[in-house]
Amino acid sequence: MTYGAIDFLALDFKGNNFKGEIMPALRQLVENQTIAIIDLVIVLKDKDGKVSAAELQQLAPDIIAIFDPLKAGVNEMIKNEDIEMVGAELENNSSAAVMLYENLWSIRFKEAVLNAGGRVLMQERIPNEVVLEALEDLKTA
């Protein structure tokens with residue numbers, strides 16, 4: 001079986017405040033089979049700096065219901081080291097949604113490359129902030 005590129009993403013929410021605004025966009029990505037969520041963990045940092053985490057199935061039933069349309073897998077691929085790394089970056093009284101997702105859109109292209117005898121030589125995701133900075137540098141050059 002061929003897999004698409006898999007990304008690790010941590011989204012920071014100050015004030016431990018998930019309001020659900022991103023859910024429609026995320027749900028659309030899943031429904032359109034652009035991505036598949038492989039694992040999802042919520043990381044919380046309280047006002048005193050204590051970090052805790054919960055896998056999706058450990059959340060309250062009403063919270064689980066919010067995430068149901070995402071068909072998120074829960075397979076513990078996000079490890080304690082990942083949670084600790086994210087927790088260290090969070091400000092006190094903040095939370096993060098941490099997920100691994102597969103880029104389903106990339107499977108067909110990858111299969112075509114493999115069938116043509118090709119291989120991935122390099123692949124790196126460039127953060128949007130880096131692209132914007134480079135574009136700004138070009139304007140001033």
# chains A, B, ... in the order shown; residues from 1 in each chain; ligands from 1
>>> select_by_dssp(residues="chain A", states="alpha helix (DSSP H)", output="ChimeraX atom specification")
/A:23-31,61-67,80-89,106-115,128-140
>>> residues_around(residues="Ala10 in chain A", least_positions_apart="3", cutoff="8 Å", atoms="only C-alpha atoms", output="list of chain:residue names")
A:Val86, A:Ala96, A:Ala97, A:Val98, A:Met99
>>> atom_distance(atom1="CA of Gln57 in chain A", atom2="CA of Ala88 in chain A")
23.6 Å
>>> atom_distance(atom1="CA of Glu31 in chain A", atom2="CA of Lys71 in chain A")
9.4 Å
>>> residues_around(residues="Ser52 in chain A", least_positions_apart="6", cutoff="8 Å", atoms="only C-alpha atoms", output="PyMOL selection string")
chain A and resi 43-45
>>> residues_around(residues="Lys110 in chain A", least_positions_apart="4", cutoff="12 Å", atoms="only C-alpha atoms", output="NGL selection string")
:A and (1-5 or 103-106 or 114-120)
>>> write_last_selection(atoms="C-alpha atoms", output="PDB file, in the first residue's frame")
ATOM      1  CA  MET A   1       0.000   0.000   0.000  1.00  0.00           C
ATOM      2  CA  THR A   2       1.233   3.473  -0.862  1.00  0.00           C
ATOM      3  CA  TYR A   3       0.925   6.235   1.706  1.00  0.00           C
ATOM      4  CA  GLY A   4       0.837   9.952   1.104  1.00  0.00           C
ATOM      5  CA  ALA A   5       3.175  12.386   2.799  1.00  0.00           C
ATOM      6  CA  ASN A 103      -1.853  14.049   2.561  1.00  0.00           C
ATOM      7  CA  LEU A 104      -4.152  11.789   0.561  1.00  0.00           C
ATOM      8  CA  TRP A 105      -3.854  14.041  -2.487  1.00  0.00           C
ATOM      9  CA  SER A 106      -0.183  13.029  -2.818  1.00  0.00           C
ATOM     10  CA  LEU A 114       7.390   5.130  -8.294  1.00  0.00           C
ATOM     11  CA  ASN A 115       5.922   3.484 -11.406  1.00  0.00           C
ATOM     12  CA  ALA A 116       8.221   5.644 -13.524  1.00  0.00           C
ATOM     13  CA  GLY A 117      11.240   4.410 -11.556  1.00  0.00           C
ATOM     14  CA  GLY A 118      11.630   7.683  -9.683  1.00  0.00           C
ATOM     15  CA  ARG A 119      12.168   8.346  -6.017  1.00  0.00           C
ATOM     16  CA  VAL A 120      11.871  11.277  -3.665  1.00  0.00           C
TER      17      VAL A 120
END
>>> residues_around(residues="Leu70 in chain A", least_positions_apart="2", cutoff="12 Å", atoms="only C-alpha atoms", output="MDAnalysis selection string")
chainID A and resid 22:40 56 64:68 72:74 99 101
